[in-house]
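K.L.:
This one is input-v9.pdb, PDB, C-alpha atoms.
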```pdb
ATOM      1  CA  MET A  59     127.955  -1.663  14.413
ATOM      2  CA  SER A  60     125.932  -1.574  17.609
ATOM      3  CA  THR A  61     124.798  -4.763  19.297
ATOM      4  CA  ARG A  62     121.200  -3.675  18.646
ATOM      5  CA  LEU A  63     121.742  -3.368  14.896
ATOM      6  CA  ALA A  64     123.472  -6.753  14.909
ATOM      7  CA  GLY A  65     120.457  -8.253  16.693
ATOM      8  CA  LEU A  66     118.099  -6.669  14.163
ATOM      9  CA  LEU A  67     120.060  -7.986  11.167
ATOM     10  CA  ILE A  68     120.420 -11.513  12.558
ATOM     11  CA  GLY A  69     116.707 -11.492  13.402
ATOM     12  CA  ALA A  70     115.803 -10.385   9.884
ATOM     13  CA  CYS A  71     117.812 -13.278   8.397
ATOM     14  CA  PHE A  72     116.217 -15.661  10.885
ATOM     15  CA  GLY A  73     112.710 -14.416  10.063
ATOM     16  CA  LEU A  74     113.327 -14.620   6.327
ATOM     17  CA  VAL A  75     114.562 -18.223   6.544
ATOM     18  CA  LEU A  76     111.700 -19.261   8.847
ATOM     19  CA  SER A  77     109.180 -17.729   6.436
ATOM     20  CA  TRP A  78     110.811 -19.190   3.334
ATOM     21  CA  SER A  79     110.918 -22.646   4.904
ATOM     22  CA  GLY A  80     107.156 -22.480   5.470
ATOM     23  CA  MET A  81     107.240 -22.454   9.287
ATOM     24  CA  THR A  82     104.646 -19.659   9.341
ATOM     25  CA  SER A  83     102.033 -22.220   8.302
ATOM     26  CA  PRO A  84     100.531 -24.234  11.168
ATOM     27  CA  ASP A  85      99.883 -27.071   8.705
ATOM     28  CA  VAL A  86     103.603 -27.413   7.905
ATOM     29  CA  ILE A  87     104.354 -27.777  11.631
ATOM     30  CA  ARG A  88     101.446 -30.182  12.198
ATOM     31  CA  GLU A  89     102.367 -32.436   9.270
ATOM     32  CA  ALA A  90     105.826 -32.784  10.805
ATOM     33  CA  LEU A  91     104.520 -33.511  14.308
ATOM     34  CA  LEU A  92     102.197 -36.173  12.834
ATOM     35  CA  PHE A  93     105.175 -37.690  10.951
ATOM     36  CA  GLN A  94     103.536 -36.991   7.593
ATOM     37  CA  ASN A  95     106.411 -34.852   6.320
ATOM     38  CA  ALA A  96     110.116 -35.046   7.175
ATOM     39  CA  TYR A  97     110.975 -31.486   6.083
ATOM     40  CA  LEU A  98     110.898 -29.890   9.562
ATOM     41  CA  PHE A  99     113.092 -32.594  11.103
ATOM     42  CA  LEU A 100     115.657 -32.404   8.285
ATOM     43  CA  PHE A 101     115.572 -28.591   8.455
ATOM     44  CA  PHE A 102     115.968 -28.578  12.241
ATOM     45  CA  ALA A 103     118.668 -31.252  12.359
ATOM     46  CA  SER A 104     120.773 -29.621   9.637
ATOM     47  CA  ALA A 105     120.414 -26.266  11.428
ATOM     48  CA  VAL A 106     121.617 -27.774  14.729
ATOM     49  CA  LEU A 107     124.514 -29.558  13.006
ATOM     50  CA  THR A 108     125.626 -26.400  11.202
ATOM     51  CA  ALA A 109     125.330 -24.278  14.350
ATOM     52  CA  SER A 110     127.115 -26.920  16.403
ATOM     53  CA  ALA A 111     130.062 -27.075  13.983
ATOM     54  CA  GLY A 112     130.287 -23.280  13.802
ATOM     55  CA  LEU A 113     130.150 -22.796  17.567
ATOM     56  CA  TRP A 114     132.697 -25.551  18.140
ATOM     57  CA  ILE A 115     135.127 -23.840  15.761
ATOM     58  CA  LEU A 116     134.595 -20.391  17.332
ATOM     59  CA  ARG A 117     135.239 -21.711  20.831
ATOM     60  CA  ARG A 118     138.090 -24.009  19.816
ATOM     61  CA  MET A 119     139.892 -21.271  17.864
ATOM     62  CA  ARG A 120     139.512 -18.907  20.844
ATOM     63  CA  VAL A 121     137.882 -16.313  18.599
ATOM     64  CA  ARG A 122     136.930 -12.987  20.155
ATOM     65  CA  SER A 123     133.430 -11.654  19.659
ATOM     66  CA  LEU A 124     133.528  -8.931  16.984
ATOM     67  CA  LEU A 125     131.322  -6.461  18.873
ATOM     68  CA  THR A 126     131.886  -7.234  22.549
ATOM     69  CA  GLY A 127     135.576  -8.165  22.337
ATOM     70  CA  GLU A 128     135.213 -11.000  24.853
ATOM     71  CA  ARG A 129     136.474 -14.473  24.069
ATOM     72  CA  ILE A 130     133.669 -16.610  22.751
ATOM     73  CA  ASP A 131     132.588 -19.072  25.397
ATOM     74  CA  TRP A 132     129.522 -20.055  27.382
ATOM     75  CA  PRO A 133     128.996 -21.537  30.827
ATOM     76  CA  PRO A 134     127.373 -24.949  31.238
ATOM     77  CA  THR A 135     123.693 -24.898  32.218
ATOM     78  CA  PRO A 136     122.941 -27.503  34.879
ATOM     79  CA  LEU A 137     119.807 -29.528  34.193
ATOM     80  CA  ARG A 138     116.952 -28.567  36.524
ATOM     81  CA  ARG A 139     113.385 -29.753  36.893
ATOM     82  CA  ARG A 140     112.189 -26.453  35.365
ATOM     83  CA  HIS A 141     113.742 -27.449  32.023
ATOM     84  CA  ILE A 142     111.388 -30.428  31.908
ATOM     85  CA  THR A 143     108.237 -28.894  33.426
ATOM     86  CA  GLY A 144     108.664 -25.763  31.320
ATOM     87  CA  SER A 145     109.173 -27.803  28.148
ATOM     88  CA  LEU A 146     106.115 -29.955  28.929
ATOM     89  CA  LEU A 147     103.961 -26.814  29.120
ATOM     90  CA  PHE A 148     105.676 -25.344  26.064
ATOM     91  CA  GLY A 149     105.235 -28.540  24.024
ATOM     92  CA  LEU A 150     101.550 -28.686  24.978
ATOM     93  CA  GLY A 151     100.980 -25.160  23.694
ATOM     94  CA  TRP A 152     103.123 -25.733  20.593
ATOM     95  CA  GLY A 153     101.267 -28.938  19.676
ATOM     96  CA  VAL A 154      97.886 -27.175  19.908
ATOM     97  CA  ALA A 155      98.760 -23.867  18.206
ATOM     98  CA  ASP A 156     101.324 -25.374  15.776
ATOM     99  CA  ALA A 157     103.436 -22.271  16.217
ATOM    100  CA  CYS A 158     106.324 -21.514  18.538
ATOM    101  CA  PRO A 159     107.674 -18.021  19.345
ATOM    102  CA  GLY A 160     109.631 -17.625  16.061
ATOM    103  CA  PRO A 161     106.710 -18.538  13.785
ATOM    104  CA  ILE A 162     104.318 -16.452  15.924
ATOM    105  CA  ALA A 163     106.540 -13.478  15.028
ATOM    106  CA  THR A 164     106.671 -14.426  11.323
ATOM    107  CA  GLN A 165     102.873 -14.794  11.318
ATOM    108  CA  LEU A 166     102.699 -11.210  12.549
ATOM    109  CA  GLY A 167     105.094 -10.107   9.783
ATOM    110  CA  GLN A 168     103.229 -12.048   7.100
ATOM    111  CA  GLY A 169      99.793 -10.848   8.179
ATOM    112  CA  ILE A 170      98.384 -14.084   9.644
ATOM    113  CA  TRP A 171      96.044 -12.360  12.045
ATOM    114  CA  TRP A 172      94.996 -15.510  13.937
ATOM    115  CA  GLY A 173      98.524 -15.342  15.354
ATOM    116  CA  LEU A 174      97.596 -12.221  17.311
ATOM    117  CA  TRP A 175      95.687 -14.436  19.756
ATOM    118  CA  THR A 176      98.723 -16.652  20.278
ATOM    119  CA  LEU A 177     100.875 -13.532  20.637
ATOM    120  CA  ALA A 178      98.515 -12.154  23.299
ATOM    121  CA  GLY A 179      98.764 -15.470  25.133
ATOM    122  CA  VAL A 180     102.569 -15.486  24.969
ATOM    123  CA  THR A 181     102.569 -11.962  26.422
ATOM    124  CA  VAL A 182     100.427 -13.122  29.345
ATOM    125  CA  GLY A 183     102.613 -16.204  29.833
ATOM    126  CA  VAL A 184     105.830 -14.188  29.870
ATOM    127  CA  LEU A 185     104.265 -11.679  32.298
ATOM    128  CA  LEU A 186     103.270 -14.550  34.601
ATOM    129  CA  PHE A 187     106.910 -15.649  34.614
ATOM    130  CA  LEU A 188     108.260 -12.124  35.135
ATOM    131  CA  ARG A 189     105.875 -11.611  38.062
ATOM    132  CA  ARG A 190     107.613 -14.441  39.880
ATOM    133  CA  GLY A 191     110.536 -12.057  40.247
ATOM    134  CA  GLU A 192     113.171 -14.659  39.432
ATOM    135  CA  PRO A 193     116.308 -13.830  37.444
ATOM    136  CA  ASP A 194     115.815 -13.946  33.676
ATOM    137  CA  SER A 195     116.188 -17.529  32.469
ATOM    138  CA  GLU A 196     117.614 -16.268  29.155
ATOM    139  CA  PRO A 197     119.771 -13.230  29.988
ATOM    140  CA  ALA A 198     121.397 -11.101  27.280
ATOM    141  CA  ARG A 199     124.736 -12.085  28.835
ATOM    142  CA  GLU A 200     124.975 -15.626  30.114
ATOM    143  CA  ARG A 201     125.778 -16.047  33.789
ATOM    144  CA  ALA A 202     127.986 -18.783  35.128
ATOM    145  CA  ALA A 203     125.486 -20.661  37.291
ATOM    146  CA  PRO A 204     121.825 -19.749  36.789
ATOM    147  CA  PRO A 205     120.526 -19.136  40.298
ATOM    148  CA  ILE A 206     117.015 -20.337  39.445
ATOM    149  CA  THR A 207     116.165 -23.485  41.373
ATOM    150  CA  ALA A 208     113.354 -26.045  41.314
TER     151      ALA A 208
ATOM    152  CA  MET B 256      99.462 -18.836  -4.384
ATOM    153  CA  LEU B 257     101.760 -21.417  -2.881
ATOM    154  CA  HIS B 258     105.272 -20.312  -2.079
ATOM    155  CA  PRO B 259     108.058 -22.698  -2.972
ATOM    156  CA  GLN B 260     109.626 -24.030   0.228
ATOM    157  CA  LEU B 261     113.358 -23.362   0.382
ATOM    158  CA  PRO B 262     115.020 -26.839   0.273
ATOM    159  CA  TRP B 263     115.840 -28.040   3.795
ATOM    160  CA  PHE B 264     119.548 -28.457   2.980
ATOM    161  CA  LEU B 265     119.739 -24.710   2.307
ATOM    162  CA  ALA B 266     117.248 -23.491   4.917
ATOM    163  CA  GLY B 267     118.690 -25.550   7.797
ATOM    164  CA  PRO B 268     122.314 -24.447   7.406
ATOM    165  CA  ALA B 269     121.176 -20.830   6.856
ATOM    166  CA  LEU B 270     119.259 -20.946  10.148
ATOM    167  CA  GLY B 271     122.261 -22.528  11.865
ATOM    168  CA  LEU B 272     124.503 -19.750  10.582
ATOM    169  CA  CYS B 273     122.244 -17.195  12.317
ATOM    170  CA  VAL B 274     123.118 -18.924  15.609
ATOM    171  CA  VAL B 275     126.830 -18.782  14.725
ATOM    172  CA  ALA B 276     126.576 -15.095  13.731
ATOM    173  CA  CYS B 277     124.920 -14.295  17.075
ATOM    174  CA  ARG B 278     127.881 -15.906  18.868
ATOM    175  CA  LEU B 279     130.522 -14.320  16.622
ATOM    176  CA  LEU B 280     129.097 -10.796  16.804
ATOM    177  CA  LEU B 281     127.613 -10.698  20.310
ATOM    178  CA  ASN B 282     128.811 -13.823  22.106
ATOM    179  CA  GLY B 283     125.081 -14.318  22.654
ATOM    180  CA  ARG B 284     122.734 -17.285  22.596
ATOM    181  CA  LEU B 285     120.132 -16.797  19.889
ATOM    182  CA  GLY B 286     116.680 -17.226  21.445
ATOM    183  CA  ILE B 287     113.439 -15.721  20.236
ATOM    184  CA  THR B 288     111.598 -16.000  23.566
ATOM    185  CA  GLY B 289     114.346 -13.885  25.115
ATOM    186  CA  GLY B 290     113.263 -11.153  22.697
ATOM    187  CA  TYR B 291     109.644 -11.342  23.839
ATOM    188  CA  SER B 292     110.548 -11.128  27.506
ATOM    189  CA  GLU B 293     113.037  -8.294  26.915
ATOM    190  CA  ILE B 294     110.411  -6.222  25.082
ATOM    191  CA  ILE B 295     107.653  -7.044  27.590
ATOM    192  CA  ALA B 296     109.863  -6.292  30.615
ATOM    193  CA  LYS B 297     111.058  -2.977  29.144
ATOM    194  CA  LEU B 298     107.556  -1.900  28.105
ATOM    195  CA  ARG B 299     106.296  -2.731  31.579
ATOM    196  CA  ALA B 300     108.994  -0.432  32.961
ATOM    197  CA  GLY B 301     107.923   2.293  30.501
ATOM    198  CA  SER B 302     111.086   2.031  28.434
ATOM    199  CA  LEU B 303     111.733   1.461  24.732
ATOM    200  CA  SER B 304     115.490   0.919  25.021
ATOM    201  CA  PHE B 305     115.461  -2.782  24.141
ATOM    202  CA  ASP B 306     118.767  -4.644  24.171
ATOM    203  CA  TRP B 307     119.867  -6.840  21.242
ATOM    204  CA  ARG B 308     117.396  -9.596  22.165
ATOM    205  CA  GLY B 309     114.445  -7.262  21.651
ATOM    206  CA  TRP B 310     115.841  -6.071  18.314
ATOM    207  CA  LEU B 311     116.381  -9.688  17.272
ATOM    208  CA  LEU B 312     112.623 -10.290  17.626
ATOM    209  CA  ILE B 313     111.786  -7.061  15.772
ATOM    210  CA  GLY B 314     114.124  -8.287  13.031
ATOM    211  CA  VAL B 315     112.239 -11.595  12.762
ATOM    212  CA  VAL B 316     108.965  -9.722  12.196
ATOM    213  CA  LEU B 317     110.616  -7.449   9.606
ATOM    214  CA  GLY B 318     112.248 -10.405   7.836
ATOM    215  CA  ALA B 319     108.855 -12.081   7.552
ATOM    216  CA  LEU B 320     107.296  -8.822   6.358
ATOM    217  CA  GLY B 321     109.988  -8.574   3.684
ATOM    218  CA  PHE B 322     109.274 -12.134   2.607
ATOM    219  CA  ALA B 323     105.538 -11.408   2.424
ATOM    220  CA  LEU B 324     106.143  -8.282   0.329
ATOM    221  CA  ALA B 325     108.469 -10.139  -2.042
ATOM    222  CA  SER B 326     106.327 -13.272  -2.400
ATOM    223  CA  GLY B 327     102.861 -11.732  -2.395
ATOM    224  CA  GLY B 328     101.264 -12.273   0.982
ATOM    225  CA  PRO B 329     100.398 -15.381   2.942
ATOM    226  CA  ASP B 330      99.876 -18.609   1.023
ATOM    227  CA  PHE B 331      97.183 -20.130   3.222
ATOM    228  CA  HIS B 332      93.849 -19.177   4.725
ATOM    229  CA  GLY B 333      92.298 -20.066   8.045
ATOM    230  CA  TYR B 334      94.470 -21.490  10.806
ATOM    231  CA  GLY B 335      95.373 -25.133  10.314
ATOM    232  CA  TRP B 336      93.505 -27.905  12.067
ATOM    233  CA  LEU B 337      91.772 -25.505  14.458
ATOM    234  CA  THR B 338      89.732 -23.653  11.822
ATOM    235  CA  ARG B 339      89.174 -26.915   9.886
ATOM    236  CA  SER B 340      87.795 -28.773  12.922
ATOM    237  CA  LEU B 341      85.941 -25.891  14.548
ATOM    238  CA  THR B 342      83.421 -24.737  11.984
ATOM    239  CA  GLY B 343      80.074 -22.979  12.384
ATOM    240  CA  SER B 344      79.383 -21.885  15.941
ATOM    241  CA  GLY B 345      82.423 -23.850  17.128
ATOM    242  CA  ARG B 346      84.620 -21.262  15.370
ATOM    243  CA  ILE B 347      84.248 -19.017  18.404
ATOM    244  CA  LEU B 348      86.541 -21.420  20.309
ATOM    245  CA  VAL B 349      89.575 -20.925  18.044
ATOM    246  CA  ALA B 350      90.631 -17.606  19.593
ATOM    247  CA  PRO B 351      90.497 -18.713  23.249
ATOM    248  CA  ILE B 352      92.296 -21.966  22.374
ATOM    249  CA  LEU B 353      95.109 -20.025  20.669
ATOM    250  CA  LEU B 354      95.221 -17.601  23.596
ATOM    251  CA  LEU B 355      95.542 -20.421  26.122
ATOM    252  CA  ALA B 356      98.142 -22.211  23.985
ATOM    253  CA  GLY B 357     100.058 -18.928  23.848
ATOM    254  CA  VAL B 358     100.079 -18.650  27.645
ATOM    255  CA  LEU B 359     101.536 -22.178  27.876
ATOM    256  CA  ILE B 360     104.107 -21.366  25.181
ATOM    257  CA  GLY B 361     105.218 -18.123  26.822
ATOM    258  CA  PHE B 362     105.291 -19.307  30.429
ATOM    259  CA  GLY B 363     106.687 -22.731  29.549
ATOM    260  CA  ALA B 364     109.498 -21.345  27.395
ATOM    261  CA  LYS B 365     110.533 -18.846  30.086
ATOM    262  CA  LEU B 366     110.467 -21.534  32.770
ATOM    263  CA  ALA B 367     112.515 -23.880  30.577
ATOM    264  CA  GLY B 368     114.954 -21.104  29.696
ATOM    265  CA  GLY B 369     114.235 -21.272  25.984
ATOM    266  CA  CYS B 370     111.890 -22.277  23.197
ATOM    267  CA  THR B 371     112.494 -24.089  19.915
ATOM    268  CA  SER B 372     115.255 -21.600  19.076
ATOM    269  CA  GLY B 373     116.888 -20.933  22.467
ATOM    270  CA  ASN B 374     116.930 -24.509  23.758
ATOM    271  CA  GLY B 375     116.147 -26.499  20.613
ATOM    272  CA  LEU B 376     118.502 -24.841  18.167
ATOM    273  CA  SER B 377     121.106 -22.816  20.074
ATOM    274  CA  GLY B 378     121.236 -24.817  23.303
ATOM    275  CA  SER B 379     121.396 -28.148  21.476
ATOM    276  CA  ALA B 380     124.185 -26.781  19.245
ATOM    277  CA  MET B 381     126.033 -25.757  22.437
ATOM    278  CA  LEU B 382     125.664 -29.395  23.547
ATOM    279  CA  SER B 383     123.960 -28.184  26.735
ATOM    280  CA  ARG B 384     122.487 -31.163  28.556
ATOM    281  CA  ALA B 385     119.642 -29.042  29.923
ATOM    282  CA  SER B 386     118.755 -27.861  26.415
ATOM    283  CA  LEU B 387     118.958 -31.352  24.917
ATOM    284  CA  VAL B 388     116.590 -32.687  27.603
ATOM    285  CA  ALA B 389     114.282 -29.681  27.116
ATOM    286  CA  THR B 390     114.275 -30.236  23.340
ATOM    287  CA  ALA B 391     113.458 -33.932  23.638
ATOM    288  CA  THR B 392     110.691 -33.070  26.128
ATOM    289  CA  PHE B 393     108.927 -30.424  24.043
ATOM    290  CA  PHE B 394     109.221 -32.357  20.782
ATOM    291  CA  ALA B 395     107.804 -35.507  22.412
ATOM    292  CA  THR B 396     105.011 -33.540  24.101
ATOM    293  CA  ALA B 397     104.024 -31.710  20.897
ATOM    294  CA  ILE B 398     104.012 -35.001  18.940
ATOM    295  CA  VAL B 399     101.764 -36.708  21.527
ATOM    296  CA  VAL B 400      99.440 -33.679  21.609
ATOM    297  CA  SER B 401      99.196 -33.679  17.804
ATOM    298  CA  PHE B 402      98.220 -37.362  17.652
ATOM    299  CA  LEU B 403      95.718 -36.900  20.519
ATOM    300  CA  THR B 404      94.062 -33.885  18.895
ATOM    301  CA  ARG B 405      93.900 -35.725  15.564
ATOM    302  CA  ALA B 406      92.114 -38.573  17.322
ATOM    303  CA  ILE B 407      89.438 -36.330  18.839
ATOM    304  CA  ALA B 408      89.108 -33.508  16.282
TER     305      ALA B 408
END
```
Would you write the structure of this file as structure tokens?

P.N.:
Amino acid sequence: MSTRLAGLLIGACFGLVLSWSGMTSPDVIREALLFQNAYLFLFFASAVLTASAGLWILRRMRVRSLLTGERIDWPPTPLRRRHITGSLLFGLGWGVADACPGPIATQLGQGIWWGLWTLAGVTVGVLLFLRRGEPDSEPARERAAPPITA
Amino acid sequence: MLHPQLPWFLAGPALGLCVVACRLLLNGRLGITGGYSEIIAKLRAGSLSFDWRGWLLIGVVLGALGFALASGGPDFHGYGWLTRSLTGSGRILVAPILLLAGVLIGFGAKLAGGCTSGNGLSGSAMLSRASLVATATFFATAIVVSFLTRAIA
């Protein structure tokens, strides 16, 4: 299996679960952010716990990646100011649109055409970042020390 | 029609297993924003040879399309609080508001090195301090914004 096919299949599972859990709906997100419904927090926390346990086992057991052959590991990411400023901007947009990049994609797949405006905005936002000419903050292969400063 | 929501104790672990599968197969960090920037950067360079991150995003769209085909289309109309609050001639504001929110989402996620999936889900599961701080920051910001907009809308 190629890495591209693996990405496609994982993405399809991810998109199916996001859709089935109702994350496509801006009201589901908003009810969570207004503390009217605990579903999103329980969903998110159980996802993080499951992923955390799985990743811990893979790293601890020194498992090799099935497609790349390298030993599963990841470098630490030092905390920078950009993690906070970027997340402030991101949270502002998320709280207004009630959709983050995953649900924007599932809105496209489910035919929620309002999401095309958010998608257009995300495209502009990503282009603004790319124009800065810095190294990708989320590379396909993780680097040891991200050279981005500030 | 209203779709039944998959119970959180099934949906959450299933989503978490996607992160584990990404590590096991590719030794990669699952992040949806990485898919957007991969596709945008390649298209800008006139190329369609996306790496796995681009295909991950295409997969998300296809997974949602499959869900829509199986369950009979979207189960809501309008767009949340924006189309409820902005009626009549105010409706014209919904599109520019979503566009501007999108710019903040895209630029902010790239600057922070991840969105709800890259930092929130994968980075937190990797116990990355940067991702945990990013996650706390965007959740807190989105919660404050939601209460503020409810107060004025």

K.L.:
Pick from B:Gly309, B:Gly343, B:Gly368, B:Gly375: nearest to chain A, with only C-alpha atoms counted?

P.N.:
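For chain A, the nearest of the given residues is B:Gly368.
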
K.L.:
Have a look at CA of Val400 in chain B and CA of Thr143 in chain A and let me know their distance in Å, one decimal.

P.N.:
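CA of Thr143 in chain A lies at a distance of 15.5 Å from CA of Val400 in chain B.
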
K.L.:
Counting all atoms listed in the file, figure out which residue out of A:Cys158, A:Leu185, A:Val86, A:Leu100 gets nearest to Lys297 in chain B.

P.N.:
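Among A:Cys158, A:Leu185, A:Val86, A:Leu100, it is A:Leu185 that comes nearest to Lys297 in chain B.
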
K.L.:
Up to 9 Å from (126.1, -25.9, 21.9) in the file's coordinates: name the residues, counting only C-alpha atoms, as a compact mmCIF listing (two decimals) with C-alpha atoms, in the coordinates of the input.

P.N.:
```
# COMPACT_ATOMS: atom_id res chain seq x y z
CA VAL A 106 121.62 -27.77 14.73
CA ALA A 109 125.33 -24.28 14.35
CA SER A 110 127.12 -26.92 16.40
CA ALA A 111 130.06 -27.08 13.98
CA LEU A 113 130.15 -22.80 17.57
CA TRP A 114 132.70 -25.55 18.14
CA TRP A 132 129.52 -20.06 27.38
CA LEU B 376 118.50 -24.84 18.17
CA SER B 377 121.11 -22.82 20.07
CA GLY B 378 121.24 -24.82 23.30
CA SER B 379 121.40 -28.15 21.48
CA ALA B 380 124.18 -26.78 19.24
CA MET B 381 126.03 -25.76 22.44
CA LEU B 382 125.66 -29.40 23.55
CA SER B 383 123.96 -28.18 26.74
CA SER B 386 118.76 -27.86 26.42
```

K.L.:
I'd like the box whose edges run along x, y and z of the file and which contains every listed atom of range 338-344 of chain B, padded by 4 Å per side; could you state its centre and edge lengths in Å, one decimal, as AutoDock Vina command-line options?

P.N.:
```
--center_x 84.6 --center_y -25.3 --center_z 12.9 --size_x 18.3 --size_y 14.9 --size_z 14.1
```

K.L.:
With all atoms listed in the file as the atoms that count, which of B:Thr288, B:Gly328, B:Phe394, B:Leu279 lies nearest to Ile360 in chain B?

P.N.:
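Among B:Thr288, B:Gly328, B:Phe394, B:Leu279, it is B:Thr288 that comes nearest to Ile360 in chain B.
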
K.L.:
Might you spell out which residues the PyMOL selection byres ((chain A and resi 163) around 10) would select in the displayed file, as a ChimeraX atom specification?

P.N.:
/A:73,76-77,82,157-162,164-170,173-174,176-177 /B:287,291,312-320

K.L.:
Compare A:Ala70, A:Met59, A:Met81, A:Arg139 by their minimum atom-to-atom distance to chain B, counting all atoms listed in the file, and give me the closest one.

P.N.:
A:Ala70

K.L.:
With distances taken over all atoms listed in the file, which residue among B:Leu270, B:Leu281, B:Leu324, B:Ala397 lies nearest Gly127 in chain A?

P.N.:
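Going through B:Leu270, B:Leu281, B:Leu324, B:Ala397 one by one, the smallest distance to Gly127 in chain A is for B:Leu281.
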
K.L.:
For chain B, which of A:Ala105, A:Arg138, A:Leu188, A:Ser83 is the closest residue, counting all atoms listed in the file?

P.N.:
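Using all atoms listed in the file, the shortest distance to chain B belongs to A:Ala105.
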
K.L.:
Step by step, work through what the PyMOL selection byres ((chain B and resi 333) around 12) selects in the shown file, and finish by giving those residues as a list in words.

P.N.:
Ser83, Pro84, Asp85, Gly169, Ile170, Trp171, Trp172 and Gly173 of chain A; Pro329, Asp330, Phe331, His332, Tyr334, Gly335, Trp336, Leu337, Thr338, Arg339, Ser340, Leu341, Thr342, Arg346, Val349 and Ala350 of chain B

K.L.:
Between CA of Arg278 in chain B and CA of Arg122 in chain A, what is the spacing in Å?

P.N.:
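Going from CA of Arg122 in chain A over to CA of Arg278 in chain B, I get 9.6 Å.
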